[in-house]
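Below is target.txt, holding compact mmCIF, C-alpha atoms and all ligand atoms.
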# COMPACT_ATOMS: atom_id res chain seq x y z
CA MET A 1 45.25 173.81 80.70
CA ASN A 2 45.23 176.28 83.57
CA ASP A 3 47.87 178.43 81.88
CA MET A 4 45.11 179.46 79.42
CA THR A 5 42.98 181.15 82.06
CA PRO A 6 43.40 184.76 83.21
CA SER A 7 44.01 185.29 86.92
CA SER A 8 40.38 186.05 87.69
CA ASP A 9 38.59 185.49 90.96
CA PRO A 10 37.03 182.98 91.69
CA PRO A 11 39.39 180.54 89.98
CA PRO A 12 37.51 178.64 87.27
CA VAL A 13 37.45 174.86 87.46
CA ALA A 14 39.02 173.56 84.26
CA ALA A 15 38.64 170.08 82.82
CA SER A 16 41.88 168.18 82.31
CA THR A 17 40.60 165.12 80.44
CA VAL A 18 38.10 164.64 77.63
CA ALA A 19 35.84 162.76 80.05
CA GLU A 20 35.98 165.66 82.52
CA ALA A 21 35.20 168.13 79.77
CA LEU A 22 32.20 166.04 78.70
CA LEU A 23 30.96 165.59 82.25
CA THR A 24 31.38 169.22 83.31
CA ARG A 25 30.02 170.81 80.14
CA ARG A 26 26.51 172.04 80.62
CA SER A 27 24.54 174.94 79.28
CA VAL A 28 25.45 177.94 81.39
CA ARG A 29 22.91 180.76 81.40
CA ALA A 30 24.54 183.31 83.70
CA PHE A 31 28.11 184.59 83.29
CA LEU A 32 30.62 186.79 85.09
CA PRO A 33 31.69 189.93 83.21
CA THR A 34 35.34 188.70 83.25
CA PRO A 35 36.65 189.24 79.71
CA VAL A 36 38.02 186.38 77.62
CA PRO A 37 41.31 187.33 75.94
CA ARG A 38 41.29 187.25 72.16
CA ASP A 39 44.29 184.93 71.88
CA LEU A 40 42.46 182.42 74.07
CA ILE A 41 39.38 182.63 71.82
CA GLU A 42 41.59 182.10 68.79
CA ARG A 43 43.18 179.06 70.44
CA LEU A 44 39.79 177.52 71.18
CA LEU A 45 38.68 178.12 67.61
CA ALA A 46 41.89 176.54 66.27
CA LEU A 47 41.19 173.45 68.41
CA ALA A 48 37.57 173.28 67.24
CA ALA A 49 38.75 173.53 63.64
CA ARG A 50 40.50 170.17 64.12
CA SER A 51 37.00 168.62 64.00
CA ALA A 52 36.25 166.12 61.27
CA SER A 53 34.19 167.38 58.35
CA ASN A 54 32.82 165.80 55.21
CA SER A 55 35.79 165.51 52.79
CA ASN A 56 37.53 168.09 55.00
CA CYS A 57 35.26 170.81 53.59
CA GLN A 58 35.39 172.78 56.90
CA PRO A 59 32.21 174.61 55.94
CA TRP A 60 31.90 176.61 59.19
CA HIS A 61 32.29 180.33 59.77
CA VAL A 62 32.27 182.00 63.18
CA HIS A 63 31.30 185.59 64.00
CA VAL A 64 32.82 186.55 67.35
CA LEU A 65 31.22 189.48 69.15
CA SER A 66 32.24 191.35 72.26
CA GLY A 67 31.92 194.86 73.73
CA GLY A 68 30.00 197.39 71.65
CA ALA A 69 29.57 195.05 68.67
CA LYS A 70 27.85 192.47 70.87
CA ARG A 71 25.69 195.11 72.57
CA ARG A 72 24.55 196.57 69.24
CA LEU A 73 23.52 193.15 67.95
CA THR A 74 21.61 192.46 71.19
CA GLU A 75 19.76 195.76 70.92
CA ASP A 76 18.82 195.02 67.32
CA LEU A 77 17.57 191.55 68.26
CA TRP A 78 15.57 192.86 71.23
CA ARG A 79 13.93 195.43 68.96
CA ALA A 80 12.93 192.64 66.57
CA LEU A 81 11.66 190.47 69.46
CA ASP A 82 9.63 193.32 70.95
CA ALA A 83 8.17 194.17 67.56
CA ASN A 84 6.86 190.70 66.71
CA GLY A 85 6.99 188.62 69.90
CA GLY A 86 9.50 186.26 68.41
CA ALA A 87 7.11 184.64 65.94
CA THR A 88 9.30 184.47 62.89
CA VAL A 89 9.70 182.23 59.89
CA ARG A 90 12.92 180.29 60.11
CA GLU A 91 15.45 180.10 57.31
CA TYR A 92 15.15 176.29 57.16
CA PRO A 93 13.07 173.70 59.06
CA TYR A 94 14.73 173.46 62.45
CA GLN A 95 12.26 171.70 64.75
CA PRO A 96 8.57 170.75 64.86
CA SER A 97 5.96 173.29 65.95
CA PRO A 98 5.23 172.98 69.71
CA GLU A 99 2.06 170.89 69.19
CA SER A 100 3.55 168.43 66.70
CA TRP A 101 6.45 167.03 68.73
CA ARG A 102 6.35 163.22 68.99
CA GLU A 103 7.33 160.92 71.82
CA PRO A 104 9.79 160.44 73.39
CA PHE A 105 11.02 163.90 72.44
CA ARG A 106 7.80 165.60 73.50
CA SER A 107 8.16 164.34 77.08
CA ARG A 108 11.89 165.05 77.27
CA ARG A 109 11.32 168.58 76.00
CA HIS A 110 8.52 169.09 78.52
CA CYS A 111 10.72 167.77 81.33
CA PHE A 112 13.52 170.15 80.32
CA GLY A 113 11.12 173.12 80.26
CA VAL A 114 9.67 172.26 83.69
CA GLY A 115 13.17 171.85 85.13
CA LEU A 116 14.35 175.18 83.80
CA TYR A 117 11.32 177.42 84.07
CA ARG A 118 9.31 176.07 87.02
CA ASP A 119 11.87 174.34 89.22
CA THR A 120 14.86 176.63 88.63
CA LEU A 121 13.29 180.00 87.90
CA GLY A 122 9.91 179.61 89.64
CA ILE A 123 8.06 180.56 86.43
CA ASP A 124 5.00 178.39 85.81
CA ALA A 125 3.56 177.47 82.42
CA ALA A 126 0.85 180.16 82.53
CA ASN A 127 3.33 182.96 83.18
CA THR A 128 4.02 183.95 79.56
CA GLU A 129 5.51 187.28 80.60
CA GLY A 130 8.03 185.60 82.90
CA ARG A 131 8.95 183.06 80.22
CA LEU A 132 9.45 185.77 77.64
CA ALA A 133 11.63 187.76 80.07
CA HIS A 134 13.92 184.75 80.44
CA HIS A 135 13.84 183.97 76.72
CA ARG A 136 14.84 187.58 76.01
CA ARG A 137 18.15 187.00 77.84
CA ASN A 138 19.18 184.60 75.11
CA TYR A 139 19.82 187.62 72.94
CA ASP A 140 22.40 189.16 75.24
CA PHE A 141 24.10 185.74 75.34
CA PHE A 142 23.01 185.43 78.98
CA GLY A 143 25.46 188.16 79.94
CA ALA A 144 28.52 186.34 78.56
CA PRO A 145 31.36 188.67 77.54
CA VAL A 146 31.67 186.83 74.22
CA GLY A 147 28.90 185.87 71.84
CA MET A 148 29.40 183.81 68.73
CA ILE A 149 27.20 183.20 65.74
CA LEU A 150 28.05 180.01 63.89
CA THR A 151 27.17 179.86 60.22
CA VAL A 152 27.76 177.17 57.64
CA SER A 153 27.77 176.95 53.89
CA GLU A 154 24.35 175.89 52.66
CA HIS A 155 26.06 173.84 49.98
CA PRO A 156 25.47 171.00 50.75
CA LEU A 157 23.16 171.69 53.69
CA ALA A 158 22.89 168.35 55.52
CA SER A 159 26.59 167.54 55.68
CA GLY A 160 27.35 171.14 56.60
CA LEU A 161 25.00 170.97 59.58
CA VAL A 162 26.60 167.73 60.78
CA ASP A 163 30.06 169.29 60.43
CA ALA A 164 28.91 172.40 62.27
CA GLY A 165 27.62 170.22 65.12
CA LEU A 166 31.00 168.57 65.49
CA PHE A 167 32.71 171.96 65.45
CA LEU A 168 30.31 173.29 68.07
CA GLN A 169 30.84 170.36 70.44
CA ALA A 170 34.62 170.54 70.04
CA LEU A 171 34.52 174.26 70.82
CA MET A 172 32.43 173.69 73.94
CA LEU A 173 34.77 170.97 75.20
CA ALA A 174 37.90 173.02 74.49
CA ALA A 175 36.26 175.87 76.41
CA ARG A 176 35.84 173.56 79.42
CA GLN A 177 39.53 172.74 79.34
CA ALA A 178 40.22 176.47 79.60
CA GLY A 179 37.85 176.83 82.57
CA LEU A 180 35.25 178.52 80.39
CA ASP A 181 31.59 177.66 79.94
CA THR A 182 29.18 177.93 77.06
CA CYS A 183 25.55 177.83 76.02
CA PRO A 184 24.60 176.87 72.47
CA GLN A 185 21.63 178.97 71.38
CA ALA A 186 19.29 178.12 68.53
CA SER A 187 17.15 181.10 69.62
CA PHE A 188 19.23 183.25 67.34
CA ILE A 189 17.97 181.58 64.18
CA ASP A 190 14.51 183.04 64.85
CA PHE A 191 16.00 186.36 63.82
CA TYR A 192 18.19 185.34 60.94
CA PRO A 193 17.28 188.44 58.86
CA VAL A 194 18.67 190.64 61.67
CA LEU A 195 21.81 188.50 61.88
CA ARG A 196 22.23 188.56 58.11
CA ARG A 197 21.98 192.31 57.96
CA HIS A 198 24.00 193.02 61.08
CA LEU A 199 26.87 190.59 60.45
CA LYS A 200 26.79 190.80 56.65
CA ILE A 201 26.34 187.04 56.37
CA PRO A 202 26.59 186.11 52.70
CA ASP A 203 23.56 184.54 50.99
CA ASP A 204 25.24 181.15 50.63
CA GLN A 205 25.72 180.78 54.41
CA ILE A 206 22.99 179.81 56.86
CA THR A 207 22.93 180.46 60.59
CA VAL A 208 23.37 177.34 62.73
CA CYS A 209 23.15 178.83 66.22
CA GLY A 210 24.63 181.28 68.66
CA LEU A 211 27.07 180.41 71.43
CA ALA A 212 27.60 182.24 74.70
CA LEU A 213 31.17 181.96 75.98
CA GLY A 214 32.60 183.13 79.29
CA TYR A 215 33.21 182.31 82.93
CA ALA A 216 30.16 180.89 84.69
CA ASP A 217 28.56 182.74 87.56
CA GLN A 218 28.63 179.65 89.77
CA HIS A 219 26.30 181.20 92.33
CA HIS A 220 23.47 182.04 89.93
CA ARG A 221 20.46 179.75 90.36
CA LEU A 222 20.19 179.27 86.60
CA ASN A 223 23.51 177.44 86.70
CA HIS A 224 22.36 175.01 89.37
CA TYR A 225 20.06 173.24 86.92
CA ARG A 226 21.38 169.86 85.73
CA THR A 227 19.79 167.90 82.91
CA THR A 228 19.58 164.10 82.88
CA ARG A 229 20.43 161.56 80.18
CA GLU A 230 18.95 158.28 79.05
CA PRO A 231 21.07 155.20 79.80
CA VAL A 232 23.14 153.66 76.98
CA ARG A 233 20.73 150.72 76.58
CA GLU A 234 17.96 153.15 75.62
CA PHE A 235 19.72 154.45 72.54
CA THR A 236 22.07 151.62 71.53
CA THR A 237 21.62 148.42 69.57
CA PHE A 238 24.58 146.08 69.54
CA HIS A 239 24.83 143.77 66.55
CA GLY A 240 27.19 140.83 66.76
CA ASP A 241 28.40 138.34 69.29
CA GLU A 242 28.61 139.41 72.87
CA PRO A 243 31.66 138.01 74.67
CA ALA A 244 30.54 135.68 77.50
CA GLY A 245 29.92 137.52 80.75
CA SER A 246 30.07 141.03 79.23
CA GLN A 247 27.24 143.46 79.88
CA VAL A 248 26.16 146.82 78.59
CA SER A 249 27.21 149.48 81.03
CA PRO A 250 24.10 150.80 82.85
CA ALA A 251 24.94 154.48 82.20
C1 LIG A 301 21.80 173.30 68.84
C2 LIG A 301 21.37 173.69 70.24
C3 LIG A 301 20.59 174.80 70.43
C4 LIG A 301 20.23 175.21 71.71
N1 LIG A 301 19.51 176.38 71.88
C5 LIG A 301 19.31 176.87 73.12
C6 LIG A 301 18.74 178.15 73.29
O1 LIG A 301 18.39 178.84 72.34
N2 LIG A 301 18.60 178.62 74.55
C7 LIG A 301 18.99 177.89 75.64
O2 LIG A 301 18.85 178.39 76.77
N3 LIG A 301 19.53 176.67 75.51
C8 LIG A 301 19.73 176.14 74.27
N4 LIG A 301 20.33 174.93 74.11
C9 LIG A 301 20.77 174.17 75.28
C10 LIG A 301 19.92 172.91 75.52
O3 LIG A 301 18.70 173.25 76.14
C11 LIG A 301 20.74 171.97 76.39
O4 LIG A 301 21.90 171.57 75.70
C12 LIG A 301 19.99 170.72 76.83
O5 LIG A 301 18.87 171.04 77.59
C13 LIG A 301 20.90 169.78 77.63
O6 LIG A 301 21.41 170.46 78.77
P1 LIG A 301 22.96 170.71 79.02
O7 LIG A 301 23.52 171.43 77.82
O8 LIG A 301 23.02 171.57 80.25
O9 LIG A 301 23.62 169.39 79.18
C14 LIG A 301 20.65 174.46 72.83
C15 LIG A 301 21.43 173.32 72.62
C16 LIG A 301 21.80 172.94 71.36
C17 LIG A 301 22.67 171.73 71.17
Can you dump the structure from the file as structure tokens?
Amino acid sequence: MNDMTPSSDPPPVAASTVAEALLTRRSVRAFLPTPVPRDLIERLLALAARSASNSNCQPWHVHVLSGGAKRRLTEDLWRALDANGGATVREYPYQPSPESWREPFRSRRHCFGVGLYRDTLGIDAANTEGRLAHHRRNYDFFGAPVGMILTVSEHPLASGLVDAGLFLQALMLAARQAGLDTCPQASFIDFYPVLRRHLKIPDDQITVCGLALGYADQHHRLNHYRTTREPVREFTTFHGDEPAGSQVSPA
């Protein structure tokens, strides 16, 4: 869908199949300042809204921020981060505390952290200042021209979160087709009171995550990091008869 991209330099590489979108989507953490036209954002949101949802409830809501509105939110969030170091109570249980993660997630999480902080950024585990400096960049959406905050109706919470996940993935894939990149960001939920106040989020909505959207800075070292995946056999159980000679694909 190259007709959806503005004539910016360098030309973004767009995905033209679902498989390409899946394979080229990755979390981008450094963006070019190139603006994303509003009609393109609306088109991506319209595509994402085609996602399935429980009984077609479509419980999602998206706050789209750019320019001064985005900057003001970032400043508010940085003030909150600087005031309390980021230690906040979340609106709902999101993930275990750092010490209570279980295997295999503990090791995968560790591996991700080492890959990002030590191998990509050269920040070792003891360098709390360096880690915080990187973490802080979450709140300016890693320099993306567009920041989104995805919220969902808390009624009923579990199905709403599933639906929001589908919406989020669809949005990220549609972005790839337009030559855009994204980073989903749960960091934002640490400051849900700031988001609530700033964006006037109603009480019956909860914050799912943020999303940075823009054109990747392909030369930035942060965007050279690639995460790995477990092979299909690690997370799949087939029940039923296997046709003779067929095998589970190794990847
Ligand atoms: C719901 C969700 C929240 C995330 N929150 C953050 C975040 O706050 N900051 C960040 O840099 N990455 C965040 N990520 C990105 C993950 O670290 C990333 O998806 C994972 O390591 C796999 O890498 P990939 O997206 O490059 O394939 C989040 C991803 C998801 C799905």
### Task
Fewer than 3 positions away in the same chain doesn't count, so skip those; otherwise give me all residues within 9 Å of Leu150 (chain A), counting only C-alpha atoms, as a VMD selection string.
chain A and resid 60 to 64 164 168 206 to 211
### Query
Which protein, DNA or RNA residues have an atom within 8 Å of ligand LIG 301 (chain A), counting all atoms listed in the file, as a list in words?
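If we count all atoms listed in the file, the neighbours of ligand LIG 301 (chain A) turn out to be Arg25, Arg26, Ser27, Val28, Arg29, Phe112, His135, Asn138, Gly165, Cys183, Pro184, Gln185, Ala186, Ser187, Phe188, Val208, Cys209, Gly210, Tyr225, Arg226, Thr227 and Thr228 of chain A.
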### Query
So what do you get for CA of Ser66 (chain A) versus CA of Ala46 (chain A), distance-wise?
18.7 Å
Six-sided padding of 8 Å per side, axis-aligned box over region 55-65 of chain A, centre and edges in Å, one decimal, as JSON:
{"center_x": 34.4, "center_y": 177.5, "center_z": 61.0, "size_x": 22.3, "size_y": 40.0, "size_z": 32.4}
### Query
Separation of CA of Val146 (chain A) and CA of Val194 (chain A), in Å?
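Atom-to-atom, CA of Val146 (chain A) to CA of Val194 (chain A), that is 18.5 Å.
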### Query
Taking all atoms listed in the file into account, which of A:Phe191, A:Phe235, A:Tyr94, A:Phe142 comes nearest Phe31 (chain A)?
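Using all atoms listed in the file, the shortest distance to Phe31 (chain A) belongs to A:Phe142.
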### Query
Which residues come within 9 Å of Gln177 (chain A), counting all atoms listed in the file, excluding same-chain residues fewer than 3 positions away, as a list in words?
Met1, Asn2, Met4, Val13, Ala14, Ala15, Ser16, Thr17, Val18, Glu20, Ala21, Met172, Leu173, Ala174 and Leu180 of chain A
### Query
How many Å lie between CA of Ala212 (chain A) and CA of Pro35 (chain A), rounded to one decimal?
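According to the coordinates, CA of Ala212 (chain A) and CA of Pro35 (chain A) are separated by 12.5 Å.
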### Task
For Ser51 (chain A), list every protein, DNA or RNA residue within 7 Å, evaluated using only C-alpha atoms, and leave out those in the same chain fewer than 4 positions away; present the list as a ChimeraX atom specification.
/A:166-167,170
### Nearest candidate to Pro93 (chain A) (options A:Thr24, A:Ala158, A:Ser107, A:Asp39; using only C-alpha atoms)
A:Ala158
Using only C-alpha atoms, I'd like a table of the residues in region 81-154 of chain A that come within 12 Å of region 41-44 of chain A; for each, show the closest atom pair and its distance in Å rounded to one decimal, ordered by chain and ascending number, as a tab-separated table.
residue	atom	partner	partner_atom	distance
A:Pro145	CA	A:Ile41	CA	11.6
A:Val146	CA	A:Ile41	CA	9.1
A:Gly147	CA	A:Ile41	CA	11.0
A:Met148	CA	A:Ile41	CA	10.5
### Task
Could you tell me which of A:Ala144, A:Val152, A:Leu121, A:Ala175 comes closest to Lys70 (chain A) if we count all atoms listed in the file?
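Between A:Ala144, A:Val152, A:Leu121, A:Ala175, the residue approaching Lys70 (chain A) most closely is A:Ala144.
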### Query
Which residues, written as a ChimeraX atom specification, have at least one atom at most 12 Å from Arg79 (chain A), with all atoms listed in the file counted and residues fewer than 5 positions away on the same chain left out?
/A:72-74,84-86,136,139,191,194
Could I see region 201-216 of chain A restored to N, CA, C and O atoms, set down as a PDB file, in the frame of the given file?
ATOM      1  N   ILE A 201      26.192 188.473  56.696  1.00  0.00           N
ATOM      2  CA  ILE A 201      26.340 187.040  56.370  1.00  0.00           C
ATOM      3  C   ILE A 201      25.981 186.860  54.903  1.00  0.00           C
ATOM      4  O   ILE A 201      24.896 187.259  54.469  1.00  0.00           O
ATOM      5  N   PRO A 202      26.886 186.271  54.130  1.00  0.00           N
ATOM      6  CA  PRO A 202      26.590 186.110  52.700  1.00  0.00           C
ATOM      7  C   PRO A 202      25.405 185.173  52.454  1.00  0.00           C
ATOM      8  O   PRO A 202      25.093 184.334  53.299  1.00  0.00           O
ATOM      9  N   ASP A 203      24.768 185.305  51.306  1.00  0.00           N
ATOM     10  CA  ASP A 203      23.560 184.540  50.990  1.00  0.00           C
ATOM     11  C   ASP A 203      23.789 183.031  50.995  1.00  0.00           C
ATOM     12  O   ASP A 203      22.864 182.269  51.234  1.00  0.00           O
ATOM     13  N   ASP A 204      25.009 182.599  50.709  1.00  0.00           N
ATOM     14  CA  ASP A 204      25.240 181.150  50.630  1.00  0.00           C
ATOM     15  C   ASP A 204      25.593 180.530  51.988  1.00  0.00           C
ATOM     16  O   ASP A 204      25.960 179.367  52.063  1.00  0.00           O
ATOM     17  N   GLN A 205      25.487 181.316  53.058  1.00  0.00           N
ATOM     18  CA  GLN A 205      25.720 180.780  54.410  1.00  0.00           C
ATOM     19  C   GLN A 205      24.396 180.804  55.164  1.00  0.00           C
ATOM     20  O   GLN A 205      23.616 181.748  55.027  1.00  0.00           O
ATOM     21  N   ILE A 206      24.169 179.780  55.986  1.00  0.00           N
ATOM     22  CA  ILE A 206      22.990 179.810  56.860  1.00  0.00           C
ATOM     23  C   ILE A 206      23.444 179.817  58.319  1.00  0.00           C
ATOM     24  O   ILE A 206      24.536 179.356  58.644  1.00  0.00           O
ATOM     25  N   THR A 207      22.585 180.357  59.162  1.00  0.00           N
ATOM     26  CA  THR A 207      22.930 180.460  60.590  1.00  0.00           C
ATOM     27  C   THR A 207      22.597 179.135  61.290  1.00  0.00           C
ATOM     28  O   THR A 207      21.478 178.640  61.170  1.00  0.00           O
ATOM     29  N   VAL A 208      23.568 178.600  62.013  1.00  0.00           N
ATOM     30  CA  VAL A 208      23.370 177.340  62.730  1.00  0.00           C
ATOM     31  C   VAL A 208      22.855 177.620  64.152  1.00  0.00           C
ATOM     32  O   VAL A 208      21.850 177.086  64.581  1.00  0.00           O
ATOM     33  N   CYS A 209      23.560 178.474  64.857  1.00  0.00           N
ATOM     34  CA  CYS A 209      23.150 178.830  66.220  1.00  0.00           C
ATOM     35  C   CYS A 209      24.085 179.896  66.765  1.00  0.00           C
ATOM     36  O   CYS A 209      25.093 180.228  66.129  1.00  0.00           O
ATOM     37  N   GLY A 210      23.739 180.395  67.932  1.00  0.00           N
ATOM     38  CA  GLY A 210      24.630 181.280  68.660  1.00  0.00           C
ATOM     39  C   GLY A 210      25.353 180.473  69.722  1.00  0.00           C
ATOM     40  O   GLY A 210      25.001 179.314  69.999  1.00  0.00           O
ATOM     41  N   LEU A 211      26.369 181.065  70.324  1.00  0.00           N
ATOM     42  CA  LEU A 211      27.070 180.410  71.430  1.00  0.00           C
ATOM     43  C   LEU A 211      27.547 181.478  72.401  1.00  0.00           C
ATOM     44  O   LEU A 211      28.282 182.398  72.020  1.00  0.00           O
ATOM     45  N   ALA A 212      27.092 181.361  73.652  1.00  0.00           N
ATOM     46  CA  ALA A 212      27.600 182.240  74.700  1.00  0.00           C
ATOM     47  C   ALA A 212      28.880 181.629  75.246  1.00  0.00           C
ATOM     48  O   ALA A 212      28.960 180.413  75.427  1.00  0.00           O
ATOM     49  N   LEU A 213      29.880 182.460  75.488  1.00  0.00           N
ATOM     50  CA  LEU A 213      31.170 181.960  75.980  1.00  0.00           C
ATOM     51  C   LEU A 213      31.698 182.890  77.079  1.00  0.00           C
ATOM     52  O   LEU A 213      31.781 184.111  76.880  1.00  0.00           O
ATOM     53  N   GLY A 214      32.049 182.316  78.211  1.00  0.00           N
ATOM     54  CA  GLY A 214      32.600 183.130  79.290  1.00  0.00           C
ATOM     55  C   GLY A 214      32.788 182.303  80.543  1.00  0.00           C
ATOM     56  O   GLY A 214      32.720 181.068  80.507  1.00  0.00           O
ATOM     57  N   TYR A 215      33.044 182.987  81.644  1.00  0.00           N
ATOM     58  CA  TYR A 215      33.210 182.310  82.930  1.00  0.00           C
ATOM     59  C   TYR A 215      31.863 182.280  83.643  1.00  0.00           C
ATOM     60  O   TYR A 215      31.206 183.316  83.788  1.00  0.00           O
ATOM     61  N   ALA A 216      31.479 181.069  84.069  1.00  0.00           N
ATOM     62  CA  ALA A 216      30.160 180.890  84.690  1.00  0.00           C
ATOM     63  C   ALA A 216      30.052 181.646  85.999  1.00  0.00           C
ATOM     64  O   ALA A 216      31.010 181.698  86.774  1.00  0.00           O
TER      65      ALA A 216
END
